[in-house]
Structures are given as C-alpha cells and as structure tokens.
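Novice: What follows is structure.csv; its format and atoms are CSV, N, CA and C atoms.
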chain,number,residue,atom,x,y,z
A,1,MET,N,-93.1,-11.9,49.7
A,1,MET,CA,-93.7,-13.2,49.9
A,1,MET,C,-94.3,-13.7,48.6
A,2,ASN,N,-94.1,-14.9,48.3
A,2,ASN,CA,-94.6,-15.5,47.1
A,2,ASN,C,-96.1,-15.7,47.2
A,3,ASP,N,-96.9,-15.2,46.2
A,3,ASP,CA,-98.4,-15.3,46.2
A,3,ASP,C,-98.8,-16.8,46.2
A,4,SER,N,-98.0,-17.6,45.4
A,4,SER,CA,-98.3,-19.0,45.3
A,4,SER,C,-98.2,-19.7,46.7
A,5,ILE,N,-97.2,-19.3,47.5
A,5,ILE,CA,-97.1,-19.9,48.8
A,5,ILE,C,-98.4,-19.5,49.6
A,6,SER,N,-98.7,-18.3,49.6
A,6,SER,CA,-99.9,-17.8,50.4
A,6,SER,C,-101.2,-18.5,50.0
A,7,THR,N,-101.4,-18.6,48.7
A,7,THR,CA,-102.5,-19.3,48.1
A,7,THR,C,-102.6,-20.8,48.6
A,8,ARG,N,-101.5,-21.4,48.4
A,8,ARG,CA,-101.4,-22.9,48.8
A,8,ARG,C,-101.6,-23.1,50.3
A,9,VAL,N,-100.9,-22.3,51.1
A,9,VAL,CA,-101.0,-22.4,52.6
A,9,VAL,C,-102.5,-22.1,53.0
A,10,ARG,N,-103.1,-21.1,52.5
A,10,ARG,CA,-104.5,-20.8,52.8
A,10,ARG,C,-105.5,-21.9,52.4
A,11,ALA,N,-105.2,-22.5,51.2
A,11,ALA,CA,-106.1,-23.6,50.8
A,11,ALA,C,-106.0,-24.7,51.7
A,12,ILE,N,-104.8,-25.1,52.2
A,12,ILE,CA,-104.6,-26.2,53.1
A,12,ILE,C,-105.3,-25.9,54.5
A,13,VAL,N,-105.0,-24.7,55.0
A,13,VAL,CA,-105.6,-24.3,56.2
A,13,VAL,C,-107.1,-24.3,56.1
A,14,GLY,N,-107.6,-23.8,55.0
A,14,GLY,CA,-109.1,-23.7,54.8
A,14,GLY,C,-109.7,-25.1,54.8
A,15,ARG,N,-109.1,-26.1,54.2
A,15,ARG,CA,-109.6,-27.5,54.2
A,15,ARG,C,-109.7,-28.0,55.6
A,16,LEU,N,-108.7,-27.7,56.4
A,16,LEU,CA,-108.6,-28.3,57.8
A,16,LEU,C,-109.5,-27.5,58.8
A,17,ALA,N,-109.6,-26.2,58.6
A,17,ALA,CA,-110.4,-25.4,59.5
A,17,ALA,C,-111.9,-25.5,59.2
A,18,LYS,N,-112.3,-25.8,58.0
A,18,LYS,CA,-113.6,-26.0,57.6
A,18,LYS,C,-114.5,-24.8,58.0
A,19,VAL,N,-114.0,-23.6,57.7
A,19,VAL,CA,-114.7,-22.4,57.9
A,19,VAL,C,-115.4,-22.0,56.6
A,20,ASP,N,-116.5,-21.3,56.7
A,20,ASP,CA,-117.3,-20.9,55.5
A,20,ASP,C,-117.0,-19.5,55.1
A,21,ARG,N,-115.7,-19.2,55.0
A,21,ARG,CA,-115.2,-17.9,54.6
A,21,ARG,C,-113.8,-17.9,54.1
A,22,GLU,N,-113.3,-16.9,53.5
A,22,GLU,CA,-112.0,-16.8,53.0
A,22,GLU,C,-111.0,-16.7,54.2
A,23,ILE,N,-109.9,-17.4,54.1
A,23,ILE,CA,-108.9,-17.4,55.1
A,23,ILE,C,-108.0,-16.2,54.9
A,24,GLY,N,-107.7,-15.4,55.9
A,24,GLY,CA,-106.8,-14.3,55.8
A,24,GLY,C,-105.5,-14.5,56.5
A,25,SER,N,-104.5,-13.7,56.2
A,25,SER,CA,-103.2,-13.8,56.9
A,25,SER,C,-103.2,-13.5,58.4
A,26,ASP,N,-104.2,-12.7,58.8
A,26,ASP,CA,-104.2,-12.4,60.2
A,26,ASP,C,-105.0,-13.4,61.0
A,27,ASP,N,-105.7,-14.3,60.4
A,27,ASP,CA,-106.4,-15.3,61.1
A,27,ASP,C,-105.5,-16.2,62.0
A,28,ARG,N,-106.0,-16.3,63.3
A,28,ARG,CA,-105.2,-17.1,64.2
A,28,ARG,C,-105.7,-18.6,64.1
A,29,LEU,N,-104.7,-19.5,64.1
A,29,LEU,CA,-105.0,-20.9,63.8
A,29,LEU,C,-106.0,-21.5,64.8
A,30,ILE,N,-105.8,-21.2,66.1
A,30,ILE,CA,-106.6,-21.8,67.1
A,30,ILE,C,-107.8,-20.9,67.4
A,31,GLU,N,-107.6,-19.7,67.8
A,31,GLU,CA,-108.7,-18.8,68.2
A,31,GLU,C,-109.7,-18.5,67.1
A,32,ASP,N,-109.2,-18.1,65.9
A,32,ASP,CA,-110.1,-17.7,64.9
A,32,ASP,C,-110.6,-18.8,64.0
A,33,LEU,N,-109.8,-19.8,63.8
A,33,LEU,CA,-110.1,-20.9,62.8
A,33,LEU,C,-110.5,-22.2,63.5
A,34,GLY,N,-110.3,-22.2,64.8
A,34,GLY,CA,-110.8,-23.3,65.6
A,34,GLY,C,-110.0,-24.6,65.4
A,35,LEU,N,-108.8,-24.6,65.0
A,35,LEU,CA,-108.0,-25.8,64.7
A,35,LEU,C,-107.7,-26.5,66.1
A,36,SER,N,-107.9,-27.7,66.1
A,36,SER,CA,-107.6,-28.5,67.3
A,36,SER,C,-106.2,-29.0,67.2
A,37,SER,N,-105.7,-29.6,68.3
A,37,SER,CA,-104.3,-30.0,68.3
A,37,SER,C,-104.1,-31.1,67.2
A,38,MET,N,-105.1,-31.9,67.0
A,38,MET,CA,-105.0,-33.0,66.0
A,38,MET,C,-105.0,-32.3,64.6
A,39,ALA,N,-105.8,-31.3,64.4
A,39,ALA,CA,-105.8,-30.6,63.1
A,39,ALA,C,-104.5,-29.9,62.9
A,40,LEU,N,-103.8,-29.4,63.9
A,40,LEU,CA,-102.5,-28.8,63.8
A,40,LEU,C,-101.5,-29.8,63.3
A,41,VAL,N,-101.5,-31.0,63.9
A,41,VAL,CA,-100.6,-32.1,63.4
A,41,VAL,C,-100.9,-32.4,61.9
A,42,GLU,N,-102.2,-32.5,61.6
A,42,GLU,CA,-102.5,-32.7,60.2
A,42,GLU,C,-102.1,-31.6,59.3
A,43,LEU,N,-102.2,-30.4,59.8
A,43,LEU,CA,-101.7,-29.2,59.0
A,43,LEU,C,-100.2,-29.3,58.8
A,44,SER,N,-99.5,-29.6,59.8
A,44,SER,CA,-98.0,-29.8,59.7
A,44,SER,C,-97.6,-30.8,58.6
A,45,VAL,N,-98.3,-32.0,58.7
A,45,VAL,CA,-98.0,-33.0,57.7
A,45,VAL,C,-98.4,-32.6,56.3
A,46,ALA,N,-99.5,-31.9,56.2
A,46,ALA,CA,-100.0,-31.5,54.8
A,46,ALA,C,-99.0,-30.4,54.2
A,47,LEU,N,-98.6,-29.5,55.1
A,47,LEU,CA,-97.6,-28.5,54.6
A,47,LEU,C,-96.3,-29.1,54.2
A,48,GLU,N,-95.8,-30.1,55.1
A,48,GLU,CA,-94.6,-30.8,54.7
A,48,GLU,C,-94.7,-31.4,53.4
A,49,SER,N,-95.8,-32.1,53.1
A,49,SER,CA,-96.0,-32.8,51.9
A,49,SER,C,-96.1,-31.8,50.7
A,50,GLU,N,-96.9,-30.8,50.9
A,50,GLU,CA,-97.2,-29.8,49.8
A,50,GLU,C,-95.9,-29.1,49.4
A,51,PHE,N,-95.1,-28.7,50.3
A,51,PHE,CA,-93.9,-27.9,50.0
A,51,PHE,C,-92.6,-28.7,50.1
A,52,ASP,N,-92.7,-30.1,50.2
A,52,ASP,CA,-91.5,-30.9,50.2
A,52,ASP,C,-90.5,-30.5,51.3
A,53,LEU,N,-91.0,-30.4,52.5
A,53,LEU,CA,-90.2,-30.0,53.6
A,53,LEU,C,-89.9,-31.2,54.5
A,54,GLN,N,-88.8,-31.1,55.3
A,54,GLN,CA,-88.4,-32.1,56.2
A,54,GLN,C,-88.8,-31.7,57.6
A,55,PRO,N,-89.3,-32.6,58.4
A,55,PRO,CA,-89.7,-32.2,59.8
A,55,PRO,C,-88.4,-31.8,60.6
A,56,VAL,N,-88.6,-30.9,61.6
A,56,VAL,CA,-87.5,-30.5,62.4
A,56,VAL,C,-87.3,-31.6,63.5
A,57,ASP,N,-86.1,-31.8,63.9
A,57,ASP,CA,-85.8,-32.8,64.9
A,57,ASP,C,-86.4,-32.3,66.2
A,58,GLY,N,-86.7,-33.2,67.1
A,58,GLY,CA,-87.4,-32.9,68.4
A,58,GLY,C,-86.5,-32.0,69.3
A,59,ASP,N,-85.2,-31.9,69.1
A,59,ASP,CA,-84.4,-31.1,69.9
A,59,ASP,C,-84.5,-29.6,69.6
A,60,VAL,N,-85.1,-29.3,68.5
A,60,VAL,CA,-85.2,-27.9,68.1
A,60,VAL,C,-86.3,-27.2,68.8
A,61,ALA,N,-86.1,-26.0,69.3
A,61,ALA,CA,-87.2,-25.3,70.0
A,61,ALA,C,-88.3,-25.0,69.1
A,62,PRO,N,-89.6,-25.1,69.6
A,62,PRO,CA,-90.7,-24.9,68.7
A,62,PRO,C,-90.8,-23.4,68.3
A,63,VAL,N,-91.3,-23.2,67.1
A,63,VAL,CA,-91.5,-21.9,66.5
A,63,VAL,C,-92.9,-21.4,66.9
A,64,ASP,N,-93.0,-20.2,67.2
A,64,ASP,CA,-94.3,-19.6,67.5
A,64,ASP,C,-95.1,-19.4,66.2
A,65,LEU,N,-96.1,-20.3,66.0
A,65,LEU,CA,-96.9,-20.2,64.8
A,65,LEU,C,-98.3,-20.0,65.3
A,66,VAL,N,-98.8,-18.7,65.2
A,66,VAL,CA,-100.1,-18.3,65.8
A,66,VAL,C,-101.0,-18.0,64.6
A,67,THR,N,-100.5,-17.4,63.6
A,67,THR,CA,-101.4,-16.9,62.5
A,67,THR,C,-101.1,-17.6,61.2
A,68,VAL,N,-101.9,-17.5,60.2
A,68,VAL,CA,-101.7,-18.0,58.9
A,68,VAL,C,-100.4,-17.3,58.3
A,69,ALA,N,-100.3,-16.0,58.6
A,69,ALA,CA,-99.1,-15.3,58.1
A,69,ALA,C,-97.8,-15.9,58.7
A,70,ASP,N,-97.8,-16.4,59.9
A,70,ASP,CA,-96.7,-17.0,60.5
A,70,ASP,C,-96.3,-18.3,59.7
A,71,LEU,N,-97.3,-19.0,59.3
A,71,LEU,CA,-97.1,-20.2,58.4
A,71,LEU,C,-96.5,-19.8,57.1
A,72,GLU,N,-97.1,-18.8,56.5
A,72,GLU,CA,-96.6,-18.3,55.2
A,72,GLU,C,-95.1,-17.9,55.2
A,73,LYS,N,-94.8,-17.2,56.3
A,73,LYS,CA,-93.4,-16.7,56.5
A,73,LYS,C,-92.4,-17.9,56.7
A,74,LEU,N,-92.9,-18.9,57.5
A,74,LEU,CA,-92.0,-20.0,57.7
A,74,LEU,C,-91.8,-20.8,56.4
A,75,ILE,N,-92.8,-21.0,55.6
A,75,ILE,CA,-92.7,-21.7,54.4
A,75,ILE,C,-91.8,-21.0,53.4
A,76,ALA,N,-92.0,-19.7,53.3
A,76,ALA,CA,-91.2,-18.8,52.4
A,76,ALA,C,-89.7,-18.9,52.8
A,77,ALA,N,-89.5,-18.9,54.1
A,77,ALA,CA,-88.1,-18.9,54.6
A,77,ALA,C,-87.5,-20.3,54.3
A,78,ALA,N,-88.3,-21.4,54.5
A,78,ALA,CA,-87.8,-22.7,54.2
A,78,ALA,C,-87.6,-22.9,52.7
A,79,GLN,N,-88.4,-22.4,51.9
A,79,GLN,CA,-88.2,-22.5,50.5
A,79,GLN,C,-87.0,-21.8,50.0
A,80,SER,N,-86.6,-20.7,50.7
A,80,SER,CA,-85.4,-19.9,50.2
A,80,SER,C,-84.1,-20.4,50.8
A,81,SER,N,-84.2,-21.3,51.8
A,81,SER,CA,-83.0,-21.9,52.5
A,81,SER,C,-82.5,-23.1,51.7
A,82,THR,N,-81.3,-23.5,52.0
A,82,THR,CA,-80.7,-24.6,51.3
A,82,THR,C,-81.2,-25.9,51.9
A,83,ALA,N,-81.6,-25.9,53.1
A,83,ALA,CA,-82.1,-27.2,53.8
A,83,ALA,C,-83.5,-26.9,54.4
A,84,PRO,N,-84.6,-27.0,53.6
A,84,PRO,CA,-85.9,-26.6,54.1
A,84,PRO,C,-86.3,-27.5,55.3
A,85,THR,N,-86.8,-26.9,56.3
A,85,THR,CA,-87.3,-27.7,57.5
A,85,THR,C,-88.5,-27.1,58.0
A,86,MET,N,-89.3,-27.9,58.7
A,86,MET,CA,-90.5,-27.4,59.3
A,86,MET,C,-90.6,-27.9,60.7
Now, as a test, write the supplied structure out as structure tokens.
Specialist:
Amino acid sequence: MNDSISTRVRAIVGRLAKVDREIGSDDRLIEDLGLSSMALVELSVALESEFDLQPVDGDVAPVDLVTVADLEKLIAAAQSSTAPTM
C-alpha cells in the first residue's frame, strides 16, 4: 500500500472525525471515530475529490467499508485500476 494514500486518507478522516488523536488503520469509521451518516457522505465526496475518483453508479452493490484500512485498500485498488471508481 502506498504510504501517501494512507497519509492522505487518514488526514481527511481525521478532519471529519474531529478526534483528538492519531487516526489508525484499525479505527472503525462509525464505532471508533463517531462518523455520522452525513459525515460519511462528506468523506466520500472528499475522497473522490482528493483522489480524482468517479462515484459508483447506484446499481452497484455497496462495498463494506468499516475501517480506515478498508478505505485505504479501496483507494489503492482504484488508483491501480484503469477506471477508478468509488
């Protein structure tokens, strides 16, 4: 995994979570960081913008994104594919 991706993802998550500690890869977005449904939407938009990703069509099954590591893996996979999506 690209350290730059991890650093950038954690910075964005940290801004939205507003926790007073370092964000770790095992942190759960809702349970540990307290992200609301609105914050998760904001997170999606921020990551799409930061990594120049295109949103996934509504017909696609949702991906299980529970932890920061899940986000990092999704971004890394999107960055390595020919058609990045989120």
Novice: Go through A:Val66, A:Leu53, A:Leu71, A:Ser36 and flag the residue nearest A:Ser6, using only C-alpha atoms for the distances.
Specialist: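 Checking each candidate against A:Ser6, we get A:Leu71 as the closest.
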Novice: Distance atom N of A:Glu31-atom C of A:Gln79, one decimal place?
Specialist: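 Separation between atom N of A:Glu31 and atom C of A:Gln79: 27.3 Å.
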Novice: Hey, what does DSSP flag as alpha helix (DSSP H) within chain A? Can you give it to me as a PyMOL selection string?
Specialist: chain A and resi 3-17+37-50+68-80
Novice: Can you pull out the residues contacting A:Glu72? Cut-off 6.5 Å, using only N, CA and C atoms, and skip same-chain residues under 4 positions away; I want them as a list in words.
Specialist: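 Returned residues: Ile5, Ser6, Thr67, Val68, Ala76 and Ala77 of chain A.
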Novice: What does the file look like for those residues with N, CA and C atoms, as a short mmCIF file (atom, residue, chain, number, x, y, z; two decimals), keeping the file's coordinate frame?
Specialist:
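Final file, result_4.cif:
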data_model
loop_
_atom_site.label_atom_id
_atom_site.label_comp_id
_atom_site.auth_asym_id
_atom_site.auth_seq_id
_atom_site.Cartn_x
_atom_site.Cartn_y
_atom_site.Cartn_z
N ILE A 5 -97.20 -19.30 47.50
CA ILE A 5 -97.10 -19.90 48.80
C ILE A 5 -98.40 -19.50 49.60
N SER A 6 -98.70 -18.30 49.60
CA SER A 6 -99.90 -17.80 50.40
C SER A 6 -101.20 -18.50 50.00
N THR A 67 -100.50 -17.40 63.60
CA THR A 67 -101.40 -16.90 62.50
C THR A 67 -101.10 -17.60 61.20
N VAL A 68 -101.90 -17.50 60.20
CA VAL A 68 -101.70 -18.00 58.90
C VAL A 68 -100.40 -17.30 58.30
N ALA A 76 -92.00 -19.70 53.30
CA ALA A 76 -91.20 -18.80 52.40
C ALA A 76 -89.70 -18.90 52.80
N ALA A 77 -89.50 -18.90 54.10
CA ALA A 77 -88.10 -18.90 54.60
C ALA A 77 -87.50 -20.30 54.30
#
Novice: List the spatial neighbours of A:Leu43 as a list in words - criterion: any atom at most 8 Å away, all atoms listed in the file, same-chain residues fewer than 5 positions off excluded.
Specialist: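 In the requested form, the answer reads Ile12, Val13, Leu16, Ser37, Met38, Glu48 and Ser49 of chain A.
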Novice: Write out as a list of chain:residue names the residues lying within 12 Å of A:Asp32, counting only C-alpha atoms and excluding same-chain residues fewer than 3 positions away.
Specialist: A:Val13, A:Gly14, A:Ala17, A:Lys18, A:Val19, A:Arg21, A:Ile23, A:Gly24, A:Ser25, A:Asp26, A:Asp27, A:Arg28, A:Leu29, A:Leu35, A:Ser36, A:Val66, A:Thr67, A:Val68
Novice: Interatomic distance between atom CA of A:Pro55 and atom CA of A:Glu22?
Specialist: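 Between atom CA of A:Pro55 and atom CA of A:Glu22 the gap is 27.9 Å.
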Novice: Apply DSSP to the structure's backbone, then extract all residues of chain A labelled strand (DSSP E or B) and return them as a PyMOL selection string.
Specialist: chain A and resi 28+54+67+85
Novice: Looking at all atoms listed in the file, which of A:Val9, A:Ala78, A:Leu47, A:Leu65 is the one that sits closest to A:Ile30?
Specialist: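 Once distances to A:Ile30 are computed over all atoms listed in the file, the minimum belongs to A:Leu65.
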Novice: One number please: atom N of A:Asp20 to atom N of A:Ser44, in Å, one decimal.
Specialist: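 About the pair atom N of A:Asp20 and atom N of A:Ser44: they are 19.2 Å apart.
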